[in-house]
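File shown here: model-v1.csv, holding CSV, C-alpha atoms.
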chain,number,residue,atom,x,y,z
U,261,MET,CA,-25.8,104.8,14.6
U,262,SER,CA,-26.5,101.2,15.4
U,263,THR,CA,-27.7,99.2,18.4
U,264,LYS,CA,-25.2,96.8,19.9
U,265,THR,CA,-27.1,93.8,21.2
U,266,ASP,CA,-25.7,91.4,23.8
U,267,GLN,CA,-28.0,88.6,24.9
U,268,ASN,CA,-25.9,87.9,28.0
U,269,LYS,CA,-26.3,91.4,29.5
U,270,ASP,CA,-29.3,92.9,31.2
U,271,ASN,CA,-28.3,96.4,29.9
U,272,GLU,CA,-27.8,97.3,26.3
U,273,ILE,CA,-25.8,100.3,25.2
U,274,ILE,CA,-26.3,102.2,22.0
U,275,THR,CA,-23.2,102.3,19.9
U,276,ILE,CA,-22.3,105.5,18.0
U,277,THR,CA,-19.4,106.5,15.8
U,278,ALA,CA,-16.8,109.1,16.5
U,279,ALA,CA,-18.5,111.2,13.9
U,280,ASP,CA,-21.6,111.3,16.2
U,281,MET,CA,-19.7,112.7,19.2
U,282,PRO,CA,-20.0,116.4,18.2
U,283,ALA,CA,-23.8,116.1,18.0
U,284,VAL,CA,-24.0,114.4,21.4
U,285,ILE,CA,-21.7,117.0,23.0
U,286,GLN,CA,-23.8,119.8,21.4
U,287,SER,CA,-27.0,118.2,22.9
U,288,HIS,CA,-25.5,118.3,26.4
U,289,SER,CA,-24.3,121.8,25.9
U,290,ASP,CA,-27.9,122.8,24.9
U,291,ARG,CA,-29.3,121.1,28.0
U,292,LEU,CA,-26.9,123.0,30.1
U,293,ALA,CA,-27.9,126.3,28.5
U,294,TRP,CA,-31.6,125.4,29.0
U,295,SER,CA,-31.1,124.6,32.7
U,296,LEU,CA,-29.2,127.8,33.3
U,297,GLU,CA,-32.0,129.8,31.6
U,298,HIS,CA,-35.1,128.1,33.0
U,299,LYS,CA,-34.0,126.7,36.3
U,300,GLY,CA,-31.3,129.2,37.2
U,301,HIS,CA,-28.7,126.6,38.0
U,302,ARG,CA,-26.9,123.6,36.4
U,303,ARG,CA,-27.5,121.0,39.1
U,304,GLY,CA,-28.6,117.6,37.8
U,305,CYS,CA,-27.0,117.9,34.4
U,306,THR,CA,-25.4,114.7,33.3
U,307,THR,CA,-21.9,114.3,31.9
U,308,PRO,CA,-21.5,112.4,28.6
U,309,LEU,CA,-19.1,109.6,28.9
U,310,PHE,CA,-17.6,108.2,25.6
U,311,LEU,CA,-16.1,104.7,25.8
U,312,ALA,CA,-13.8,103.7,23.0
U,313,LEU,CA,-10.7,101.6,22.2
U,314,PRO,CA,-7.4,103.5,22.2
U,315,GLY,CA,-6.6,105.8,19.3
U,316,VAL,CA,-10.2,106.4,18.1
U,317,GLY,CA,-9.7,110.2,18.5
U,318,LYS,CA,-12.2,110.9,21.3
U,319,SER,CA,-10.1,113.4,23.1
U,320,GLU,CA,-9.2,115.4,20.0
U,321,ILE,CA,-12.9,115.4,19.0
U,322,SER,CA,-13.8,116.8,22.4
U,323,ARG,CA,-11.3,119.5,22.1
U,324,HIS,CA,-12.5,120.4,18.6
U,325,VAL,CA,-16.1,120.6,19.6
U,326,ALA,CA,-15.3,122.7,22.6
U,327,ASP,CA,-13.5,125.2,20.3
U,328,SER,CA,-16.4,125.2,17.9
U,329,LEU,CA,-18.8,126.0,20.8
U,330,GLY,CA,-16.6,128.8,21.9
U,331,ARG,CA,-15.8,127.1,25.2
U,332,LYS,CA,-12.4,127.4,26.9
U,333,TYR,CA,-11.0,123.9,27.1
U,334,TYR,CA,-9.3,122.2,30.0
U,335,ASP,CA,-8.1,118.6,29.9
U,336,VAL,CA,-7.9,116.6,33.2
U,337,ARG,CA,-6.1,113.3,33.3
U,338,ALA,CA,-8.3,111.7,35.9
U,339,GLY,CA,-6.0,108.6,36.3
U,340,SER,CA,-2.9,110.7,36.9
U,341,TYR,CA,-4.0,112.4,40.2
U,342,LEU,CA,-4.4,111.4,43.8
U,343,PRO,CA,-7.1,113.0,46.0
U,344,SER,CA,-4.4,115.1,47.7
U,345,ASP,CA,-3.6,116.6,44.3
U,346,VAL,CA,-7.2,117.8,44.1
U,347,ARG,CA,-8.6,118.5,47.5
U,348,ILE,CA,-6.6,119.0,50.7
U,349,PRO,CA,-7.7,119.2,54.3
U,350,ALA,CA,-7.1,122.5,56.2
U,351,ILE,CA,-8.0,124.4,59.3
U,352,ASN,CA,-10.1,127.6,59.2
U,353,ARG,CA,-8.3,129.6,61.9
U,354,GLU,CA,-11.1,132.1,62.2
U,355,THR,CA,-13.8,129.6,63.0
U,356,GLY,CA,-11.5,126.9,64.5
U,357,SER,CA,-13.1,124.2,62.2
U,358,SER,CA,-11.7,121.9,59.7
U,359,CYS,CA,-12.6,122.0,56.0
U,360,TYR,CA,-11.4,121.0,52.6
U,361,PHE,CA,-9.8,123.4,50.2
U,362,GLY,CA,-9.2,122.9,46.5
U,363,ASN,CA,-5.5,122.7,45.6
U,364,GLU,CA,-4.9,126.0,43.7
U,365,GLU,CA,-2.0,124.4,41.9
U,366,PHE,CA,-4.2,121.9,40.3
U,367,PRO,CA,-4.3,123.1,36.7
U,368,PHE,CA,-8.1,123.5,36.2
U,369,VAL,CA,-9.1,124.7,39.7
U,370,GLU,CA,-7.4,128.0,39.6
U,371,LEU,CA,-8.4,128.7,36.1
U,372,PRO,CA,-6.2,131.4,34.4
U,373,ASN,CA,-8.0,134.1,32.5
U,374,VAL,CA,-11.4,132.9,33.3
U,375,ASP,CA,-14.3,135.0,34.6
U,376,ALA,CA,-17.3,133.7,36.5
U,377,ASP,CA,-19.6,134.0,33.4
U,378,ASP,CA,-17.2,132.3,30.9
U,379,ALA,CA,-18.2,129.2,29.0
U,380,ILE,CA,-15.9,126.3,29.9
U,381,CYS,CA,-15.4,122.7,28.8
U,382,VAL,CA,-13.7,120.4,31.2
U,383,ASN,CA,-12.7,117.1,29.6
U,384,TRP,CA,-12.1,114.3,32.1
U,385,GLU,CA,-9.5,112.2,30.2
U,386,GLU,CA,-9.4,108.4,30.7
U,387,LEU,CA,-12.0,108.6,33.5
U,388,LEU,CA,-12.0,104.9,34.2
U,389,ASP,CA,-8.3,105.0,35.0
U,390,ALA,CA,-9.1,107.0,38.1
U,391,SER,CA,-8.8,105.4,41.5
U,392,LEU,CA,-11.9,104.9,43.7
U,393,PRO,CA,-11.0,107.9,45.9
U,394,MET,CA,-10.6,110.0,42.8
U,395,PHE,CA,-14.0,108.9,41.6
U,396,LYS,CA,-15.4,110.7,44.6
U,397,MET,CA,-13.6,113.9,43.7
U,398,CYS,CA,-14.8,113.5,40.1
U,399,LYS,CA,-18.4,113.1,41.2
U,400,GLN,CA,-18.3,116.3,43.2
U,401,ALA,CA,-16.7,118.2,40.4
U,402,MET,CA,-19.2,117.0,37.8
U,403,ASN,CA,-22.3,117.0,40.0
U,404,ASP,CA,-21.6,120.1,42.2
U,405,ASN,CA,-19.4,121.9,39.7
U,406,SER,CA,-16.8,122.4,42.4
U,407,ILE,CA,-13.8,120.9,44.2
U,408,GLY,CA,-13.9,121.6,47.8
U,409,ASN,CA,-14.9,125.2,48.2
U,410,LEU,CA,-13.6,126.3,44.8
U,411,PHE,CA,-16.3,126.5,42.1
U,412,PHE,CA,-16.1,126.3,38.4
U,413,PRO,CA,-17.9,129.0,36.3
U,414,GLU,CA,-21.6,128.1,36.3
U,415,ASN,CA,-21.6,127.6,32.5
U,416,THR,CA,-19.2,124.7,32.7
U,417,LEU,CA,-19.8,121.7,30.4
U,418,HIS,CA,-18.3,118.5,31.7
U,419,VAL,CA,-17.3,115.8,29.2
U,420,ALA,CA,-15.6,112.4,30.0
U,421,VAL,CA,-13.8,110.0,27.7
U,422,SER,CA,-12.2,106.6,28.5
U,423,ASN,CA,-11.3,103.2,27.4
U,424,GLY,CA,-13.9,100.6,28.4
U,425,LEU,CA,-13.7,97.7,30.8
U,426,ASP,CA,-13.3,95.2,28.0
U,427,HIS,CA,-10.6,97.1,26.0
U,428,GLY,CA,-7.6,95.6,27.8
U,429,CYS,CA,-6.6,98.9,29.4
U,430,MET,CA,-6.9,97.9,33.1
U,431,SER,CA,-9.8,100.3,33.5
U,432,GLU,CA,-11.7,100.4,36.8
U,433,ARG,CA,-15.4,99.9,37.4
U,434,MET,CA,-16.9,103.2,38.7
U,435,PRO,CA,-19.4,103.3,41.6
U,436,LEU,CA,-23.0,103.1,40.6
U,437,SER,CA,-23.7,106.6,42.1
U,438,ASN,CA,-21.1,108.0,39.7
U,439,ALA,CA,-22.5,106.0,36.8
U,440,ASN,CA,-26.0,107.3,37.3
U,441,ARG,CA,-24.7,110.9,36.8
U,442,MET,CA,-23.2,110.0,33.4
U,443,ALA,CA,-24.8,109.5,30.0
U,444,TRP,CA,-23.0,106.4,28.5
U,445,TYR,CA,-22.0,106.2,24.9
U,446,GLU,CA,-19.9,103.4,23.3
U,447,VAL,CA,-18.0,104.8,20.4
U,448,LYS,CA,-16.9,102.5,17.6
U,449,PRO,CA,-14.0,103.4,15.3
U,450,ASP,CA,-15.2,105.5,12.3
U,451,LEU,CA,-13.2,104.2,9.4
U,452,ALA,CA,-14.9,106.4,6.8
U,453,GLY,CA,-14.3,109.5,8.9
U,454,PHE,CA,-10.7,108.6,9.3
U,455,GLN,CA,-10.2,108.1,5.6
U,456,GLU,CA,-12.0,111.4,4.9
U,457,TRP,CA,-9.7,113.1,7.4
U,458,LEU,CA,-6.6,111.6,5.8
U,459,GLU,CA,-7.6,112.9,2.4
U,460,GLU,CA,-8.7,116.3,3.8
U,461,VAL,CA,-5.5,117.0,5.7
U,462,GLY,CA,-3.3,115.7,2.8
U,463,LEU,CA,-0.2,115.0,4.9
U,464,TYR,CA,-0.1,111.3,4.4
U,465,PRO,CA,-1.0,110.4,0.8
U,466,GLU,CA,0.7,106.9,1.0
U,467,LEU,CA,-1.2,106.1,4.1
U,468,ALA,CA,-4.5,107.3,2.5
U,469,ALA,CA,-3.8,105.0,-0.5
U,470,PHE,CA,-2.9,102.1,1.8
U,471,MET,CA,-6.1,102.5,3.8
U,472,ARG,CA,-8.2,102.5,0.6
U,473,SER,CA,-7.0,99.0,-0.3
U,474,ASN,CA,-6.6,97.7,3.3
U,475,ASN,CA,-9.6,98.9,5.2
U,476,ASP,CA,-9.7,95.8,7.3
U,477,VAL,CA,-6.5,96.8,9.1
U,478,PRO,CA,-7.8,99.2,11.8
U,479,TYR,CA,-8.8,97.7,15.1
U,480,ASP,CA,-8.3,94.1,13.9
U,481,ILE,CA,-7.6,92.9,17.4
U,482,ASP,CA,-9.3,90.6,20.0
U,483,THR,CA,-8.6,92.4,23.2
U,484,ASN,CA,-9.5,89.3,25.2
U,485,LYS,CA,-6.4,87.5,23.6
U,486,TRP,CA,-4.0,90.5,23.6
U,487,ASP,CA,-0.6,89.4,24.9
U,488,GLY,CA,0.2,92.6,26.7
U,489,LYS,CA,3.5,93.0,24.8
U,490,SER,CA,2.6,94.1,21.3
U,491,ASN,CA,0.9,97.0,19.5
U,492,PHE,CA,-2.0,97.1,17.1
U,493,ALA,CA,-3.4,99.3,14.3
U,494,SER,CA,-5.5,102.1,15.8
U,495,PHE,CA,-6.1,105.4,14.0
U,496,ARG,CA,-3.4,106.9,16.3
U,497,THR,CA,-0.8,104.3,15.3
U,498,LEU,CA,-1.8,104.4,11.6
U,499,GLU,CA,-1.1,108.1,11.6
U,500,GLU,CA,2.3,107.4,13.2
U,501,PHE,CA,2.9,105.0,10.3
U,502,GLY,CA,2.1,107.8,7.9
U,503,LYS,CA,4.7,110.0,9.8
U,504,LEU,CA,7.3,107.2,9.5
U,505,VAL,CA,6.8,107.0,5.7
U,506,ASN,CA,7.1,110.7,5.3
U,507,SER,CA,10.2,111.2,7.5
U,508,ASP,CA,12.2,108.0,6.8
U,509,LEU,CA,11.2,107.0,3.2
U,510,MET,CA,9.9,109.8,1.1
U,511,VAL,CA,12.1,112.2,-0.8
U,512,VAL,CA,11.0,115.5,-2.3
U,513,GLU,CA,13.3,116.6,-5.1
U,514,ASN,CA,12.9,118.7,-8.3
U,515,ASP,CA,9.1,119.0,-7.7
U,516,LYS,CA,8.8,115.2,-7.4
U,517,ARG,CA,8.0,113.1,-4.4
U,518,TYR,CA,9.2,109.6,-4.5
U,519,MET,CA,10.2,106.7,-2.1
U,520,LYS,CA,13.7,105.6,-1.3
U,521,PRO,CA,14.4,101.9,-1.7
U,522,ILE,CA,13.0,100.2,1.3
U,523,ALA,CA,16.1,97.9,1.5
U,524,SER,CA,18.0,101.0,2.4
U,525,ASP,CA,16.6,100.9,5.9
U,526,ARG,CA,17.4,97.6,7.6
U,527,LEU,CA,15.2,98.5,10.6
U,528,LEU,CA,12.2,99.4,8.6
U,529,ARG,CA,10.3,96.2,9.2
U,530,ALA,CA,11.0,96.5,13.0
U,531,LYS,CA,9.9,100.1,13.1
U,532,ILE,CA,6.6,99.3,11.4
U,533,ASN,CA,6.0,96.3,13.6
U,534,ALA,CA,6.6,98.4,16.7
U,535,ILE,CA,4.0,100.9,15.6
U,536,LEU,CA,1.3,98.6,14.2
U,537,GLY,CA,1.9,95.1,15.6
U,538,HIS,CA,2.8,92.0,13.6
U,539,LYS,CA,-0.5,91.5,11.7
U,540,ALA,CA,-1.1,95.0,10.5
U,541,GLY,CA,2.7,95.7,10.3
U,542,LEU,CA,3.1,92.8,7.8
U,543,LYS,CA,0.3,94.2,5.6
U,544,ALA,CA,1.9,97.7,5.7
U,545,TYR,CA,5.3,96.3,4.8
U,546,LYS,CA,3.9,94.3,1.9
U,547,TYR,CA,2.1,97.5,0.7
U,548,LEU,CA,5.5,99.3,0.7
U,549,GLU,CA,7.0,96.5,-1.3
U,550,LEU,CA,4.2,96.7,-3.8
U,551,TYR,CA,4.6,100.5,-3.9
U,552,GLU,CA,8.2,100.0,-4.8
U,553,ALA,CA,7.5,97.2,-7.3
U,554,VAL,CA,5.0,99.4,-9.3
U,555,GLY,CA,8.1,101.5,-10.1
U,556,SER,CA,8.2,104.7,-12.1
U,557,ILE,CA,5.1,106.1,-13.7
U,558,GLU,CA,7.0,108.1,-16.3
U,559,SER,CA,5.8,105.7,-19.0
U,560,LEU,CA,2.2,106.5,-18.1
U,561,LEU,CA,2.8,110.2,-18.3
U,562,ASP,CA,4.6,109.8,-21.7
U,563,ASP,CA,1.4,108.4,-23.3
U,564,PRO,CA,-1.5,109.4,-20.9
U,565,GLU,CA,-4.3,108.7,-23.4
U,566,ASN,CA,-3.2,105.2,-24.4
U,567,CYS,CA,-1.0,103.8,-21.6
U,568,ASP,CA,-2.0,100.6,-19.9
U,569,ILE,CA,-3.6,101.1,-16.5
U,570,PRO,CA,-3.0,98.3,-14.0
U,571,PRO,CA,-6.2,96.4,-13.4
U,572,GLU,CA,-5.6,95.7,-9.7
U,573,LEU,CA,-7.3,98.1,-7.3
U,574,ASN,CA,-4.3,98.3,-4.9
U,575,LYS,CA,-1.9,99.1,-7.7
U,576,LYS,CA,-4.3,101.8,-9.0
U,577,TRP,CA,-4.2,103.5,-5.6
U,578,ILE,CA,-0.5,103.4,-5.7
U,579,VAL,CA,-0.4,105.0,-9.1
U,580,ALA,CA,-2.9,107.6,-7.9
U,581,CYS,CA,-0.5,108.4,-5.0
U,582,LYS,CA,2.5,108.6,-7.3
U,583,LEU,CA,0.7,110.8,-9.7
U,584,ALA,CA,0.2,113.5,-7.0
U,585,GLY,CA,3.9,113.2,-6.1
U,586,TYR,CA,5.1,113.5,-9.7
U,587,ALA,CA,2.8,116.4,-10.6
U,588,ASN,CA,4.3,119.7,-11.8
U,589,LYS,CA,3.5,122.5,-14.2
U,590,SER,CA,4.9,120.8,-17.2
U,591,ASN,CA,3.2,117.4,-16.7
U,592,LEU,CA,-0.1,118.4,-15.0
U,593,ASN,CA,-2.2,117.8,-18.0
U,594,ALA,CA,-0.8,114.2,-18.4
U,595,VAL,CA,-1.2,113.6,-14.6
U,596,MET,CA,-4.8,114.5,-14.6
U,597,THR,CA,-5.5,112.6,-17.7
U,598,VAL,CA,-4.1,109.4,-16.2
U,599,ALA,CA,-5.8,110.1,-12.9
U,600,GLY,CA,-9.2,110.4,-14.6
U,601,ARG,CA,-8.6,107.1,-16.4
U,602,LEU,CA,-8.0,105.2,-13.2
U,603,THR,CA,-11.7,105.0,-12.4
U,604,GLY,CA,-13.4,107.3,-14.8
U,605,GLY,CA,-12.6,105.8,-18.2
U,606,ASN,CA,-12.3,108.3,-21.0
U,607,SER,CA,-14.7,110.7,-19.1
U,608,GLY,CA,-11.8,111.9,-16.9
U,609,LYS,CA,-14.0,111.6,-13.8
U,610,GLY,CA,-13.9,109.1,-10.9
U,611,PHE,CA,-13.0,109.0,-7.2
U,612,MET,CA,-9.3,108.3,-7.8
U,613,GLY,CA,-9.1,111.4,-10.0
U,614,THR,CA,-10.7,113.3,-7.1
U,615,PHE,CA,-8.1,111.8,-4.7
U,616,VAL,CA,-5.3,112.9,-7.0
U,617,ALA,CA,-6.7,116.4,-7.4
U,618,LYS,CA,-7.1,116.8,-3.6
U,619,SER,CA,-3.6,115.4,-3.0
U,620,ILE,CA,-2.1,117.8,-5.5
U,621,SER,CA,-4.0,120.8,-3.9
U,622,LYS,CA,-2.7,119.9,-0.5
U,623,GLN,CA,0.9,119.0,-1.4
U,624,LYS,CA,1.5,121.6,-4.1
U,625,PRO,CA,-1.1,124.4,-3.6
U,626,SER,CA,0.6,126.5,-6.4
U,627,LEU,CA,-0.7,124.1,-9.0
U,628,LYS,CA,-4.3,124.8,-8.1
U,629,GLU,CA,-4.1,128.0,-10.2
U,630,GLU,CA,-2.8,126.2,-13.3
U,631,PRO,CA,-5.4,126.2,-16.2
U,632,ARG,CA,-5.6,122.4,-16.4
U,633,MET,CA,-6.3,122.1,-12.7
U,634,ARG,CA,-8.8,124.9,-12.6
U,635,LYS,CA,-10.6,123.3,-15.5
U,636,TRP,CA,-10.7,119.9,-13.8
U,637,ILE,CA,-11.9,121.5,-10.5
U,638,GLY,CA,-14.7,123.3,-12.3
U,639,GLU,CA,-15.9,120.1,-14.0
U,640,ASN,CA,-15.7,118.0,-10.8
U,641,PHE,CA,-16.6,120.6,-8.1
U,642,SER,CA,-19.3,118.4,-6.6
U,643,ASP,CA,-16.9,115.5,-6.2
U,644,LEU,CA,-14.3,117.7,-4.5
U,645,CYS,CA,-17.0,118.9,-2.1
U,646,GLY,CA,-18.0,115.3,-1.2
U,647,ARG,CA,-21.4,115.5,-2.9
Target encoding structure tokens, full file:
Amino acid sequence: MSTKTDQNKDNEIITITAADMPAVIQSHSDRLAWSLEHKGHRRGCTTPLFLALPGVGKSEISRHVADSLGRKYYDVRAGSYLPSDVRIPAINRETGSSCYFGNEEFPFVELPNVDADDAICVNWEELLDASLPMFKMCKQAMNDNSIGNLFFPENTLHVAVSNGLDHGCMSERMPLSNANRMAWYEVKPDLAGFQEWLEEVGLYPELAAFMRSNNDVPYDIDTNKWDGKSNFASFRTLEEFGKLVNSDLMVVENDKRYMKPIASDRLLRAKINAILGHKAGLKAYKYLELYEAVGSIESLLDDPENCDIPPELNKKWIVACKLAGYANKSNLNAVMTVAGRLTGGNSGKGFMGTFVAKSISKQKPSLKEEPRMRKWIGENFSDLCGR
């Protein structure tokens, strides 16, 4: 965690990473539990508001944390509703007076399968997209835990996420009375966390290798100069690039994963540019050209102990990626020998060897039980665990 300092502002905001969000949400959940136990109510509890550029993953993190806390999760797109969608005026015929009722069709008011003592998490999505009248509805919901005369379960944790005012997303300033009921956190992109996730999920080996040698690509954008008609490389769009590589370029055949010639898709450059924007898209396309130029790694596997390892780091990552794709029962020993030599010399250890082992385990789980892989995992267990 770091402090973001701006000499031109009266107020400074502490900047956290996306990896810090679970601990912050846990803290607010603990405060809610304390209030319910010691005060007998939840009034006065603040709502954490996470501000971040698009695609950082703030919404998915909120969902994951809610699940880990055992809370039923409800997502509310604050910018997509009008007050009439949330609270409607009505007449109480018995008393002859007017009143407001919550709209029972609004997805989180009439909560399905929820009891009064259930633990709930309501995530207010893109809060600063809300209109001024909606801010008033949101304030009542978060502060009074109700909409009109319809109340949430008492043990409801409110969380809010949004793009900031300076992120080029046409976000709105909220009233100060709303702001004072929030706990403000500016979330910076967590590159290390994204890379760890890529390698853990194992679905995008080429993207993971690309990120290792192009870690300056994510969020390389000046939002003040954004032209309003192009994309940029966020974690969201980079994952989409990974999907594009998997679906349009990669072929799995005879236990091998390899890439089709990029010239076979005349629209490839346009597709990448559409996803990542020109600057990041150009780097991604150059990476695919280099991936293709490295060519087959069969010669490396034919002489794993003595073959020439490319000295360039970006080529080494491509070789590591191809090793996982080529791995099968018959060549596994050669694959892991070359993988270890990429960064571990003759010791067979090194972070690229770990990358290859993880990729093989994710792509081809049956190989985990092979003697060569079991031996490697046993010797490098701490690396595989991230220690």
(request) Taking the point (-16.6, 99.5, 37.0) as given in the file, collect each protein or nucleic acid residue that comes within 12 Å of it, counting all atoms listed in the file, and present the set as a PyMOL selection string. (result) chain U and resi 387-392+395+422-426+430-439
Select from segment 392-483 of chain U every residue with an atom at most 7 Å from any atom of segment 372-383 of chain U, then for each give the shortest pair of atoms and their distance in Å to one decimal, using all atoms listed in the file, rows by chain and rising number, as CSV.
residue,atom,partner,partner_atom,distance
U:Pro413,CA,U:Ala376,CA,4.7
U:Glu414,CA,U:Asp377,CA,6.9
U:Asn415,CA,U:Ala379,CA,5.1
U:Thr416,CA,U:Ile380,CA,4.6
U:Leu417,CA,U:Cys381,CA,4.8
U:His418,CA,U:Val382,CA,5.0
U:Val419,CA,U:Asn383,CA,4.8
U:Ala420,CA,U:Asn383,CA,5.5
(message) Residues near Leu542 of chain U, anyone? I mean within 9 Å using only C-alpha atoms, not counting same-chain ones fewer than 5 positions away, as an NGL selection string.
(response) :U and (529 or 532-533 or 536-537 or 547)
(message) List the spatial neighbours of segment 450-456 of chain U as a VMD selection string - criterion: any atom at most 8 Å away, all atoms listed in the file, same-chain residues fewer than 6 positions off excluded.
(response) chain U and resid 277 to 279 316 468 471 to 472 475 478 495
(message) With all atoms listed in the file as the counted atoms, please give the residues lying no more than 10 Å from Val461 of chain U, apart from itself and same-chain residues fewer than 3 positions off, as number ranges by chain.
(response) U: 456-458, 464-465, 618-619, 622-623
(request) Figure out the distance between atom CA of Asn588 of chain U and atom CA of Glu629 of chain U, please, to one decimal in Å. (result) 11.9 Å
(request) Mind checking which residues fall within 12 Å of Arg634 of chain U, counting all atoms listed in the file, ignoring those fewer than 6 positions away in the same chain, and posting them as a PyMOL selection string? (result) chain U and resi 592-593+596+617+621+625-628+640-641
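For the pair atom CA of Cys567 of chain U and atom CA of Gly462 of chain U, the separation is 27.2 Å.
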